[in-house]
file start.csv (CSV, C-alpha atoms and all ligand atoms)
chain,number,residue,atom,x,y,z
A,255,MET,CA,112.6,-37.7,-69.5
A,256,ASP,CA,108.9,-37.6,-68.5
A,257,PRO,CA,106.4,-38.2,-71.3
A,258,PHE,CA,104.7,-35.1,-72.6
A,259,GLY,CA,101.7,-34.1,-74.7
A,260,ILE,CA,101.3,-32.0,-77.9
A,261,VAL,CA,98.5,-29.7,-78.9
A,262,GLY,CA,98.6,-29.2,-82.7
A,263,THR,CA,98.5,-31.4,-85.7
A,264,GLY,CA,100.4,-29.2,-88.2
A,265,ARG,CA,103.9,-29.1,-89.5
A,266,MET,CA,105.7,-28.0,-86.3
A,267,ALA,CA,103.7,-30.2,-84.0
A,268,GLN,CA,104.5,-33.3,-86.1
A,269,ALA,CA,108.1,-32.4,-86.8
A,270,LEU,CA,109.0,-31.5,-83.2
A,271,GLY,CA,107.0,-34.4,-81.7
A,272,ALA,CA,108.5,-37.0,-84.0
A,273,THR,CA,112.0,-35.7,-83.6
A,274,LEU,CA,111.8,-35.8,-79.8
A,275,CYS,CA,110.0,-39.1,-79.8
A,276,ARG,CA,112.7,-40.7,-82.0
A,277,ARG,CA,115.4,-39.3,-79.6
A,278,GLY,CA,113.8,-41.0,-76.6
A,279,VAL,CA,111.4,-38.4,-75.2
A,280,PRO,CA,108.0,-40.2,-75.3
A,281,VAL,CA,105.0,-38.3,-76.5
A,282,ALA,CA,102.0,-39.7,-74.6
A,283,ALA,CA,99.2,-38.0,-76.5
A,284,VAL,CA,98.5,-35.6,-79.4
A,285,ALA,CA,95.5,-33.2,-79.2
A,286,GLY,CA,93.7,-31.3,-81.9
A,287,ASN,CA,90.4,-29.8,-82.8
A,288,ASP,CA,89.7,-32.7,-85.1
A,289,ARG,CA,90.2,-36.3,-83.8
A,290,GLU,CA,91.0,-37.6,-87.3
A,291,LYS,CA,93.9,-35.1,-87.7
A,292,ALA,CA,95.0,-35.8,-84.2
A,293,ARG,CA,95.1,-39.5,-85.0
A,294,GLY,CA,97.2,-38.9,-88.2
A,295,ALA,CA,99.6,-36.6,-86.3
A,296,ALA,CA,99.9,-39.2,-83.4
A,297,ASN,CA,100.7,-41.9,-86.0
A,298,PHE,CA,103.5,-39.8,-87.6
A,299,ILE,CA,104.9,-38.8,-84.2
A,300,GLY,CA,104.7,-42.3,-82.7
A,301,ALA,CA,102.3,-41.3,-79.9
A,302,PRO,CA,99.9,-43.9,-78.5
A,303,HIS,CA,96.9,-41.6,-77.9
A,304,ALA,CA,95.0,-38.9,-79.9
A,305,THR,CA,92.6,-36.8,-77.9
A,306,LEU,CA,90.7,-33.5,-77.8
A,307,ILE,CA,92.5,-30.4,-76.4
A,308,ARG,CA,90.4,-30.0,-73.3
A,309,ASP,CA,91.3,-33.6,-72.3
A,310,LEU,CA,95.0,-33.5,-72.8
A,311,PRO,CA,95.9,-32.6,-69.2
A,312,LEU,CA,94.3,-35.9,-68.2
A,313,TYR,CA,97.2,-37.7,-69.9
A,314,VAL,CA,100.3,-35.6,-69.2
A,315,LYS,CA,101.7,-32.9,-66.8
A,316,ARG,CA,103.9,-31.3,-69.5
A,317,ILE,CA,102.4,-29.8,-72.7
A,318,LEU,CA,103.9,-28.4,-75.9
A,319,VAL,CA,101.5,-26.1,-77.8
A,320,ALA,CA,102.3,-25.9,-81.5
A,321,VAL,CA,99.2,-24.3,-83.1
A,322,SER,CA,98.7,-21.2,-85.3
A,323,ASP,CA,99.7,-18.0,-83.4
A,324,ASP,CA,96.1,-16.7,-83.3
A,325,ALA,CA,94.8,-19.9,-81.8
A,326,ILE,CA,97.1,-19.9,-78.7
A,327,PRO,CA,94.7,-17.9,-76.4
A,328,ARG,CA,91.8,-20.2,-77.3
A,329,VAL,CA,93.9,-23.4,-76.7
A,330,THR,CA,95.1,-21.8,-73.4
A,331,ARG,CA,91.6,-21.3,-72.2
A,332,GLU,CA,90.6,-24.9,-73.2
A,333,LEU,CA,93.6,-26.4,-71.3
A,334,ALA,CA,93.0,-24.1,-68.3
A,335,ALA,CA,89.3,-25.3,-68.2
A,336,CYS,CA,90.3,-28.9,-67.6
A,337,GLY,CA,89.8,-30.2,-64.1
A,338,THR,CA,93.4,-31.5,-64.1
A,339,LYS,CA,95.9,-28.6,-64.4
A,340,PRO,CA,99.1,-29.0,-66.5
A,341,GLU,CA,102.3,-28.2,-64.6
A,342,VAL,CA,104.5,-26.9,-67.4
A,343,VAL,CA,103.4,-25.6,-70.8
A,344,LEU,CA,105.5,-24.3,-73.7
A,345,HIS,CA,104.3,-22.9,-77.0
A,346,THR,CA,106.4,-22.7,-80.2
A,347,SER,CA,105.4,-19.3,-81.6
A,348,GLY,CA,108.0,-16.5,-82.1
A,349,ALA,CA,105.2,-13.9,-82.5
A,350,ALA,CA,103.9,-14.4,-79.0
A,351,GLY,CA,105.9,-14.2,-75.8
A,352,PRO,CA,105.3,-16.6,-72.8
A,353,ASP,CA,102.4,-14.4,-71.5
A,354,ALA,CA,100.2,-15.7,-74.3
A,355,LEU,CA,99.7,-18.7,-72.0
A,356,GLY,CA,98.9,-16.5,-69.1
A,357,ALA,CA,95.6,-18.3,-68.1
A,358,LEU,CA,97.6,-21.4,-67.4
A,359,ARG,CA,99.9,-19.5,-65.0
A,360,THR,CA,96.9,-18.3,-63.1
A,361,SER,CA,95.8,-21.9,-62.6
A,362,GLY,CA,99.3,-22.7,-61.1
A,363,GLY,CA,101.3,-23.8,-64.1
A,364,SER,CA,104.7,-22.8,-65.3
A,365,ILE,CA,104.6,-21.2,-68.8
A,366,GLY,CA,107.2,-20.4,-71.5
A,367,VAL,CA,108.2,-20.4,-75.1
A,368,ILE,CA,110.5,-22.7,-77.1
A,369,HIS,CA,110.9,-21.1,-80.6
A,370,PRO,CA,112.8,-23.0,-83.2
A,371,LEU,CA,114.9,-20.6,-85.3
A,372,GLN,CA,114.3,-22.8,-88.3
A,373,THR,CA,111.7,-23.0,-91.1
A,374,VAL,CA,109.6,-26.2,-91.2
A,375,SER,CA,107.7,-26.6,-94.5
A,376,SER,CA,106.7,-30.2,-93.9
A,377,PRO,CA,106.9,-32.6,-91.0
A,378,GLU,CA,109.5,-34.8,-92.9
A,379,GLN,CA,111.7,-31.8,-93.6
A,380,GLY,CA,111.4,-30.6,-90.0
A,381,VAL,CA,112.6,-34.0,-88.7
A,382,ARG,CA,115.7,-33.6,-90.9
A,383,THR,CA,116.5,-29.9,-90.0
A,384,LEU,CA,115.3,-29.3,-86.4
A,385,PRO,CA,118.2,-31.2,-84.8
A,386,ALA,CA,121.2,-28.8,-84.3
A,387,SER,CA,119.1,-25.7,-84.9
A,388,ALA,CA,119.0,-22.8,-82.5
A,389,PHE,CA,116.0,-22.5,-80.2
A,390,ALA,CA,115.0,-19.4,-78.3
A,391,CYS,CA,113.4,-19.9,-74.9
A,392,ALA,CA,111.8,-17.6,-72.3
A,393,GLY,CA,109.4,-17.8,-69.4
A,394,ASP,CA,109.1,-19.1,-65.9
A,395,PRO,CA,112.1,-20.9,-64.5
A,396,GLU,CA,110.6,-24.4,-64.6
A,397,ALA,CA,109.3,-23.9,-68.2
A,398,VAL,CA,112.7,-22.6,-69.3
A,399,GLU,CA,114.4,-25.6,-67.6
A,400,TRP,CA,112.2,-28.0,-69.5
A,401,ALA,CA,112.8,-26.1,-72.8
A,402,GLN,CA,116.6,-26.4,-72.2
A,403,GLN,CA,116.3,-30.1,-71.6
A,404,LEU,CA,114.4,-30.6,-74.9
A,405,ILE,CA,116.9,-28.4,-76.7
A,406,ARG,CA,119.7,-30.6,-75.4
A,407,VAL,CA,117.9,-33.7,-76.7
A,408,LEU,CA,117.7,-32.0,-80.1
A,409,ASP,CA,121.5,-31.2,-80.0
A,410,GLY,CA,120.3,-27.6,-80.5
A,411,LYS,CA,121.7,-24.3,-79.4
A,412,ALA,CA,119.7,-22.6,-76.6
A,413,LEU,CA,119.2,-18.9,-76.7
A,414,VAL,CA,117.6,-17.8,-73.3
A,415,ILE,CA,115.7,-14.5,-73.7
A,416,GLY,CA,114.3,-12.3,-70.9
A,417,THR,CA,110.5,-12.2,-71.3
A,418,GLN,CA,110.7,-8.4,-71.5
A,419,ASN,CA,113.0,-8.7,-74.6
A,420,TRP,CA,111.0,-11.3,-76.5
A,421,GLU,CA,109.5,-8.9,-79.0
A,422,LEU,CA,113.0,-7.5,-79.8
A,423,TYR,CA,114.3,-11.0,-80.3
A,424,HIS,CA,111.5,-11.9,-82.7
A,425,THR,CA,112.0,-8.5,-84.6
A,426,ALA,CA,115.7,-9.5,-85.1
A,427,ALA,CA,114.7,-13.0,-86.4
A,428,VAL,CA,112.2,-11.4,-88.9
A,429,MET,CA,114.9,-8.9,-90.1
A,430,ALA,CA,117.4,-11.7,-90.7
A,431,CYS,CA,114.9,-13.9,-92.6
A,432,ASN,CA,112.0,-12.0,-94.0
A,433,TYR,CA,113.5,-8.6,-94.7
A,434,HIS,CA,116.5,-10.3,-96.3
A,435,VAL,CA,113.9,-11.6,-98.8
A,436,THR,CA,112.6,-8.0,-99.2
A,437,LEU,CA,116.1,-6.6,-100.0
A,438,ILE,CA,116.5,-9.3,-102.7
A,439,ASP,CA,113.0,-8.5,-104.1
A,440,ALA,CA,113.9,-4.8,-104.3
A,441,ALA,CA,117.2,-5.6,-106.1
A,442,LEU,CA,115.1,-7.7,-108.6
A,443,GLU,CA,112.8,-4.7,-109.2
A,444,LEU,CA,115.9,-2.5,-110.0
A,445,MET,CA,117.3,-5.3,-112.3
A,446,GLU,CA,114.0,-5.4,-114.1
A,447,SER,CA,114.1,-1.6,-114.6
A,448,ALA,CA,117.6,-2.2,-116.1
A,449,GLY,CA,116.1,-4.6,-118.6
A,450,ILE,CA,116.9,-7.9,-116.9
A,451,ALA,CA,113.9,-10.2,-116.3
A,452,ARG,CA,113.3,-11.3,-112.7
A,453,ASP,CA,114.3,-14.9,-113.2
A,454,SER,CA,117.5,-14.1,-115.0
A,455,GLY,CA,118.2,-11.4,-112.4
A,456,LEU,CA,117.8,-14.0,-109.6
A,457,ALA,CA,120.0,-16.5,-111.3
A,458,ALA,CA,122.6,-13.9,-111.9
A,459,LEU,CA,122.6,-12.8,-108.3
A,460,GLU,CA,122.8,-16.3,-106.9
A,461,PRO,CA,126.6,-16.6,-106.5
A,462,LEU,CA,126.7,-13.0,-105.1
A,463,ILE,CA,124.0,-13.8,-102.5
A,464,ARG,CA,125.6,-17.1,-101.5
A,465,THR,CA,129.1,-15.7,-101.2
A,466,THR,CA,127.9,-12.7,-99.2
A,467,THR,CA,125.9,-14.9,-96.8
A,468,ASP,CA,128.9,-17.2,-96.4
A,469,ASN,CA,131.2,-14.3,-95.7
A,470,ILE,CA,128.8,-12.8,-93.0
A,471,LEU,CA,128.5,-16.2,-91.3
A,472,ARG,CA,132.2,-17.0,-91.5
A,473,SER,CA,133.7,-13.6,-90.6
A,474,GLY,CA,130.9,-11.2,-89.4
A,475,PRO,CA,129.3,-8.1,-90.9
A,476,GLU,CA,132.4,-5.8,-90.6
A,477,ALA,CA,134.7,-8.1,-92.6
A,478,ALA,CA,131.9,-9.1,-95.1
A,479,LEU,CA,131.1,-5.5,-96.0
A,480,THR,CA,132.4,-4.4,-99.4
A,481,GLY,CA,131.0,-1.9,-101.9
A,482,PRO,CA,130.9,1.9,-102.4
A,483,ILE,CA,130.1,2.8,-98.8
A,484,ARG,CA,132.9,0.6,-97.4
A,485,ARG,CA,135.4,2.2,-99.9
A,486,GLY,CA,134.0,5.8,-99.3
A,487,ASP,CA,133.1,6.2,-103.0
A,488,LEU,CA,131.1,9.4,-102.8
A,489,GLY,CA,130.6,9.7,-106.5
A,490,THR,CA,129.1,6.2,-106.8
A,491,ILE,CA,126.6,6.8,-104.0
A,492,ARG,CA,125.5,10.1,-105.7
A,493,GLN,CA,125.0,8.1,-109.0
A,494,HIS,CA,122.9,5.6,-107.2
A,495,MET,CA,120.8,8.2,-105.5
A,496,ALA,CA,120.2,9.9,-108.9
A,497,ALA,CA,119.4,6.5,-110.6
A,498,LEU,CA,116.8,5.7,-107.8
A,499,LYS,CA,114.7,8.7,-108.8
A,500,SER,CA,113.0,6.5,-111.4
A,501,ALA,CA,112.5,3.6,-108.9
A,502,SER,CA,109.4,3.1,-106.7
A,503,ARG,CA,109.2,5.3,-103.6
A,504,THR,CA,109.5,2.3,-101.2
A,505,THR,CA,112.6,1.0,-102.9
A,506,ARG,CA,114.2,4.5,-102.8
A,507,ASN,CA,113.4,4.7,-99.1
A,508,LEU,CA,114.7,1.2,-98.5
A,509,TYR,CA,118.0,2.0,-100.2
A,510,SER,CA,118.4,5.2,-98.2
A,511,ALA,CA,117.6,3.6,-94.9
A,512,ALA,CA,120.0,0.7,-95.6
A,513,ALA,CA,122.7,3.1,-96.8
A,514,VAL,CA,122.4,5.2,-93.7
A,515,ARG,CA,122.5,2.1,-91.5
A,516,THR,CA,125.6,0.9,-93.3
A,517,LEU,CA,127.6,4.1,-92.4
A,518,PRO,CA,128.4,3.1,-88.7
A,519,LEU,CA,129.1,-0.4,-89.9
A,520,ALA,CA,131.6,0.9,-92.5
A,521,GLN,CA,133.2,3.1,-89.8
A,522,ARG,CA,133.6,0.0,-87.5
A,523,ALA,CA,135.2,-1.8,-90.5
A,524,GLY,CA,137.8,1.0,-90.8
A,525,LEU,CA,136.3,3.8,-93.0
A,526,PRO,CA,137.5,7.3,-91.7
A,527,ALA,CA,135.0,9.4,-89.8
A,528,GLU,CA,135.3,12.3,-92.4
A,529,ALA,CA,134.3,9.9,-95.3
A,530,VAL,CA,131.4,8.6,-93.3
A,531,ARG,CA,130.2,12.2,-92.7
A,532,GLN,CA,130.4,13.1,-96.4
A,533,LEU,CA,128.6,10.0,-97.5
A,534,GLY,CA,125.8,10.7,-94.9
A,535,GLU,CA,125.4,14.3,-96.3
A,536,ALA,CA,125.2,12.9,-99.9
A,537,ILE,CA,122.5,10.5,-99.0
A,538,GLU,CA,120.6,13.2,-97.0
A,539,GLU,CA,120.9,15.8,-99.8
A,540,SER,CA,119.4,13.4,-102.4
A,541,GLY,CA,116.1,13.6,-100.5
A,542,ALA,CA,115.4,10.0,-101.4
B,1,LIG,N1,106.5,-23.9,-89.6
B,1,LIG,C1,107.5,-23.1,-89.2
B,1,LIG,O1,108.5,-22.9,-90.0
B,1,LIG,C2,107.6,-22.6,-87.8
B,1,LIG,C3,108.9,-22.1,-87.4
B,1,LIG,C4,108.9,-21.6,-86.1
B,1,LIG,C5,107.8,-21.5,-85.3
B,1,LIG,N2,106.6,-22.0,-85.8
B,1,LIG,C6,105.4,-21.9,-84.9
B,1,LIG,O2,104.8,-23.1,-84.7
B,1,LIG,C7,103.4,-23.0,-84.6
B,1,LIG,C8,102.6,-23.9,-85.5
B,1,LIG,O3,103.0,-23.5,-86.9
B,1,LIG,P1,102.9,-24.6,-88.1
B,1,LIG,O4,103.8,-24.1,-89.1
B,1,LIG,O5,103.0,-26.0,-87.5
B,1,LIG,O6,101.4,-24.3,-88.6
B,1,LIG,P2,100.4,-25.3,-89.4
B,1,LIG,O7,101.2,-26.4,-90.0
B,1,LIG,O8,99.6,-24.4,-90.2
B,1,LIG,O9,99.5,-25.9,-88.2
B,1,LIG,C9,98.7,-25.1,-87.4
B,1,LIG,C10,98.0,-26.0,-86.4
B,1,LIG,O10,97.2,-25.1,-85.6
B,1,LIG,C11,95.9,-25.7,-85.4
B,1,LIG,N3,94.9,-24.7,-85.2
B,1,LIG,C12,94.5,-23.7,-85.9
B,1,LIG,N4,93.5,-23.0,-85.3
B,1,LIG,C13,93.2,-23.7,-84.2
B,1,LIG,C14,92.3,-23.5,-83.1
B,1,LIG,N5,91.5,-22.4,-83.1
B,1,LIG,N6,92.3,-24.4,-82.1
B,1,LIG,C15,93.2,-25.4,-82.1
B,1,LIG,N7,94.1,-25.7,-83.0
B,1,LIG,C16,94.1,-24.8,-84.1
B,1,LIG,C17,95.7,-26.4,-86.7
B,1,LIG,O11,94.7,-27.4,-86.6
B,1,LIG,P3,93.6,-27.6,-87.7
B,1,LIG,O12,94.3,-28.0,-89.0
B,1,LIG,O13,92.7,-28.6,-87.2
B,1,LIG,O14,92.9,-26.2,-87.8
B,1,LIG,C18,97.1,-27.0,-87.0
B,1,LIG,O15,97.2,-28.2,-86.2
B,1,LIG,C19,103.1,-21.5,-84.8
B,1,LIG,O16,103.0,-20.8,-83.6
B,1,LIG,C20,104.3,-21.0,-85.6
B,1,LIG,O17,104.6,-19.6,-85.3
B,1,LIG,C21,106.5,-22.5,-87.0
call {"tool": "encode", "arguments": {"input": "start.csv", "output": "structure tokens"}}
result
Amino acid sequence: MDPFGIVGTGRMAQALGATLCRRGVPVAAVAGNDREKARGAANFIGAPHATLIRDLPLYVKRILVAVSDDAIPRVTRELAACGTKPEVVLHTSGAAGPDALGALRTSGGSIGVIHPLQTVSSPEQGVRTLPASAFACAGDPEAVEWAQQLIRVLDGKALVIGTQNWELYHTAAVMACNYHVTLIDAALELMESAGIARDSGLAALEPLIRTTTDNILRSGPEAALTGPIRRGDLGTIRQHMAALKSASRTTRNLYSAAAVRTLPLAQRAGLPAEAVRQLGEAIEESGA
């Protein structure tokens, strides 16, 4: 595969660059704001050159931009200002769709996104965990084609998303990751109100959280759902709604919204429609 260049000297730039380089896709140059940081990142990746962003298109036709989300427009302008125009450019942000690189399309390039559905807390950890991860990609045909080639090299799973659906895709990723954290935090708040310290609460919840996650991944949400809504236990839900009166308003709202969203899931899992209706009324009547 043709050599490519990377803009960025942080965790994702180093992890993705080093992983691809070690799997036989040469990284010709690494560019950053700061030459010293670019040199350090190039060393880690195994790239022969470190350069400034505006000069990167002089080295390569294909570029991967892995900088902070807010820096993408500025980097795009710098790359577009170079006398030599890059042919294909991908960025790695989930927050921004392909159009964040718009100025490069205007100058004749093909633009897109390759978003690793993986968390990279350090370059070394990323080199271990990026292979076999899922990667979402979107954008112009040539950019998506390059993204898919890179994903194949990484033994990854490609998720091709229509550009118009990019925000919905990223919202889903945030729900599965970040708001899962929020649900656990709310549970710890309720544990604390019940007299159980947060660290003890978290340790106690660990087997429950792990088994639930395993069940969802192995069998899907319908089969993994247990608990009072799945059983149609109206009295238990009424007790919960009463107990939540002493909880914070945001936790009450979160419980109600999650409970209401659980009703159609329980119905798909086999709960009769009449039980679903009664549970819905009980949640609504509580005014939480
Ligand atoms: N890490 C993850 O888990 C993860 C997962 C999926 C996607 N991503 C995406 O990958 C991208 C990079 O994230 P990261 O975790 O690698 O961040 P990071 O470690 O904080 O690195 C950010 C990089 O952006 C550069 N940068 C910041 N402002 C800049 C500017 N104005 N011009 C040029 N470069 C600038 C920084 O350079 P300086 O240090 O010189 O400022 C640094 O090289 C982001 O779009 C992020 O959404 C990250």
call {"tool": "residues_around", "arguments": {"input": "start.csv", "residues": "segment 382-394 of chain A", "least_positions_apart": "4", "cutoff": "9 Å", "atoms": "all atoms listed in the file", "output": "short mmCIF file (atom, residue, chain, number, x, y, z; two decimals) with C-alpha atoms, in the frame of the given file"}}
result
data_model
loop_
_atom_site.label_atom_id
_atom_site.label_comp_id
_atom_site.auth_asym_id
_atom_site.auth_seq_id
_atom_site.Cartn_x
_atom_site.Cartn_y
_atom_site.Cartn_z
CA ALA A 269 108.10 -32.40 -86.80
CA LEU A 270 109.00 -31.50 -83.20
CA THR A 273 112.00 -35.70 -83.60
CA LEU A 344 105.50 -24.30 -73.70
CA GLY A 348 108.00 -16.50 -82.10
CA GLY A 351 105.90 -14.20 -75.80
CA PRO A 352 105.30 -16.60 -72.80
CA ASP A 353 102.40 -14.40 -71.50
CA SER A 364 104.70 -22.80 -65.30
CA ILE A 365 104.60 -21.20 -68.80
CA GLY A 366 107.20 -20.40 -71.50
CA VAL A 367 108.20 -20.40 -75.10
CA ILE A 368 110.50 -22.70 -77.10
CA HIS A 369 110.90 -21.10 -80.60
CA PRO A 370 112.80 -23.00 -83.20
CA LEU A 371 114.90 -20.60 -85.30
CA GLN A 372 114.30 -22.80 -88.30
CA THR A 373 111.70 -23.00 -91.10
CA VAL A 374 109.60 -26.20 -91.20
CA PRO A 377 106.90 -32.60 -91.00
CA GLU A 378 109.50 -34.80 -92.90
CA VAL A 398 112.70 -22.60 -69.30
CA GLU A 399 114.40 -25.60 -67.60
CA ALA A 401 112.80 -26.10 -72.80
CA GLN A 402 116.60 -26.40 -72.20
CA ILE A 405 116.90 -28.40 -76.70
CA VAL A 407 117.90 -33.70 -76.70
CA LEU A 408 117.70 -32.00 -80.10
CA ASP A 409 121.50 -31.20 -80.00
CA GLY A 410 120.30 -27.60 -80.50
CA LYS A 411 121.70 -24.30 -79.40
CA ALA A 412 119.70 -22.60 -76.60
CA LEU A 413 119.20 -18.90 -76.70
CA VAL A 414 117.60 -17.80 -73.30
CA ILE A 415 115.70 -14.50 -73.70
CA GLY A 416 114.30 -12.30 -70.90
CA THR A 417 110.50 -12.20 -71.30
CA TRP A 420 111.00 -11.30 -76.50
CA TYR A 423 114.30 -11.00 -80.30
#
call {"tool": "closest_residue", "arguments": {"input": "start.csv", "among": "A:Gly271, A:Ala304, A:Phe298, A:Ser540", "to": "Ala283 of chain A", "atoms": "all atoms listed in the file"}}
result
A:Ala304
call {"tool": "closest_residue", "arguments": {"input": "start.csv", "among": "A:Val319, A:Val530, A:Ile450, A:Ala511", "to": "Leu355 of chain A", "atoms": "only C-alpha atoms"}}
result
A:Val319
call {"tool": "closest_atom_pairs", "arguments": {"input": "start.csv", "of": "chain A", "to": "ligand LIG 1 (chain B)", "cutoff": "6 Å", "atoms": "all atoms listed in the file", "output": "tab-separated table"}}
result
residue	atom	partner	partner_atom	distance
A:Gly262	CA	B:LIG1	O15	3.9
A:Thr263	CA	B:LIG1	O15	3.5
A:Gly264	CA	B:LIG1	O9	3.4
A:Arg265	CA	B:LIG1	O5	3.8
A:Met266	CA	B:LIG1	O5	3.6
A:Ala267	CA	B:LIG1	O5	5.5
A:Gly286	CA	B:LIG1	N7	5.7
A:Asn287	CA	B:LIG1	O13	5.1
A:Asp288	CA	B:LIG1	O13	5.5
A:Ala320	CA	B:LIG1	C7	4.4
A:Val321	CA	B:LIG1	O10	3.3
A:Ser322	CA	B:LIG1	O10	4.2
A:Asp323	CA	B:LIG1	O16	4.3
A:Ala325	CA	B:LIG1	N5	4.3
A:Val329	CA	B:LIG1	N6	5.7
A:Thr346	CA	B:LIG1	O2	4.8
A:Ser347	CA	B:LIG1	O16	3.5
A:Gly348	CA	B:LIG1	O17	5.6
A:His369	CA	B:LIG1	C5	5.6
A:Pro370	CA	B:LIG1	C4	5.1
A:Gln372	CA	B:LIG1	C3	5.5
A:Thr373	CA	B:LIG1	O1	3.4
A:Val374	CA	B:LIG1	O1	3.7
A:Ser375	CA	B:LIG1	N1	5.7
call {"tool": "residues_around", "arguments": {"input": "start.csv", "residues": "Ala285 of chain A", "least_positions_apart": "2", "cutoff": "7 Å", "atoms": "only C-alpha atoms", "output": "ChimeraX atom specification"}}
result
/A:260-262,283,292,304-307,310
call {"tool": "closest_residue", "arguments": {"input": "start.csv", "among": "A:Ser500, A:Gln532, A:Asn419, A:Ser454", "to": "Asp487 of chain A", "atoms": "all atoms listed in the file"}}
result
A:Gln532
call {"tool": "decode", "arguments": {"input": "start.csv", "residues": "segment 437-443 of chain A", "atoms": "all heavy atoms", "output": "PDB file, in the first residue's frame"}}
result
ATOM      1  N   LEU A 437     -25.137   5.911  34.004  1.00  0.00           N
ATOM      2  CA  LEU A 437     -26.104   5.041  34.694  1.00  0.00           C
ATOM      3  C   LEU A 437     -25.470   4.417  35.939  1.00  0.00           C
ATOM      4  O   LEU A 437     -26.097   4.347  36.998  1.00  0.00           O
ATOM      5  CB  LEU A 437     -26.587   3.932  33.754  1.00  0.00           C
ATOM      6  CG  LEU A 437     -27.689   4.325  32.761  1.00  0.00           C
ATOM      7  CD1 LEU A 437     -27.936   3.184  31.781  1.00  0.00           C
ATOM      8  CD2 LEU A 437     -28.986   4.670  33.484  1.00  0.00           C
ATOM      9  N   ILE A 438     -24.203   3.994  35.808  1.00  0.00           N
ATOM     10  CA  ILE A 438     -23.518   3.387  36.963  1.00  0.00           C
ATOM     11  C   ILE A 438     -23.310   4.443  38.051  1.00  0.00           C
ATOM     12  O   ILE A 438     -23.496   4.184  39.247  1.00  0.00           O
ATOM     13  CB  ILE A 438     -22.156   2.774  36.544  1.00  0.00           C
ATOM     14  CG1 ILE A 438     -22.337   1.726  35.454  1.00  0.00           C
ATOM     15  CG2 ILE A 438     -21.412   2.194  37.759  1.00  0.00           C
ATOM     16  CD1 ILE A 438     -23.192   0.534  35.813  1.00  0.00           C
ATOM     17  N   ASP A 439     -22.976   5.656  37.630  1.00  0.00           N
ATOM     18  CA  ASP A 439     -22.772   6.735  38.610  1.00  0.00           C
ATOM     19  C   ASP A 439     -24.068   7.032  39.356  1.00  0.00           C
ATOM     20  O   ASP A 439     -24.061   7.247  40.569  1.00  0.00           O
ATOM     21  CB  ASP A 439     -22.255   7.985  37.881  1.00  0.00           C
ATOM     22  CG  ASP A 439     -21.889   9.079  38.863  1.00  0.00           C
ATOM     23  OD1 ASP A 439     -20.989   8.843  39.693  1.00  0.00           O
ATOM     24  OD2 ASP A 439     -22.513  10.162  38.824  1.00  0.00           O
ATOM     25  N   ALA A 440     -25.195   7.023  38.648  1.00  0.00           N
ATOM     26  CA  ALA A 440     -26.487   7.256  39.303  1.00  0.00           C
ATOM     27  C   ALA A 440     -26.796   6.121  40.279  1.00  0.00           C
ATOM     28  O   ALA A 440     -27.316   6.348  41.378  1.00  0.00           O
ATOM     29  CB  ALA A 440     -27.588   7.377  38.247  1.00  0.00           C
ATOM     30  N   ALA A 441     -26.463   4.892  39.898  1.00  0.00           N
ATOM     31  CA  ALA A 441     -26.686   3.748  40.802  1.00  0.00           C
ATOM     32  C   ALA A 441     -25.848   3.924  42.078  1.00  0.00           C
ATOM     33  O   ALA A 441     -26.324   3.642  43.186  1.00  0.00           O
ATOM     34  CB  ALA A 441     -26.313   2.441  40.095  1.00  0.00           C
ATOM     35  N   LEU A 442     -24.625   4.437  41.920  1.00  0.00           N
ATOM     36  CA  LEU A 442     -23.763   4.646  43.099  1.00  0.00           C
ATOM     37  C   LEU A 442     -24.325   5.741  44.007  1.00  0.00           C
ATOM     38  O   LEU A 442     -24.219   5.661  45.232  1.00  0.00           O
ATOM     39  CB  LEU A 442     -22.335   4.994  42.662  1.00  0.00           C
ATOM     40  CG  LEU A 442     -21.584   3.860  41.951  1.00  0.00           C
ATOM     41  CD1 LEU A 442     -20.198   4.323  41.516  1.00  0.00           C
ATOM     42  CD2 LEU A 442     -21.469   2.624  42.852  1.00  0.00           C
ATOM     43  N   GLU A 443     -24.941   6.739  43.387  1.00  0.00           N
ATOM     44  CA  GLU A 443     -25.589   7.799  44.190  1.00  0.00           C
ATOM     45  C   GLU A 443     -26.693   7.188  45.062  1.00  0.00           C
ATOM     46  O   GLU A 443     -26.801   7.477  46.261  1.00  0.00           O
ATOM     47  CB  GLU A 443     -26.184   8.859  43.245  1.00  0.00           C
ATOM     48  CG  GLU A 443     -26.989   9.946  43.950  1.00  0.00           C
ATOM     49  CD  GLU A 443     -27.889  10.716  42.972  1.00  0.00           C
ATOM     50  OE1 GLU A 443     -27.429  11.049  41.857  1.00  0.00           O
ATOM     51  OE2 GLU A 443     -29.049  10.966  43.340  1.00  0.00           O
TER      52      GLU A 443
END
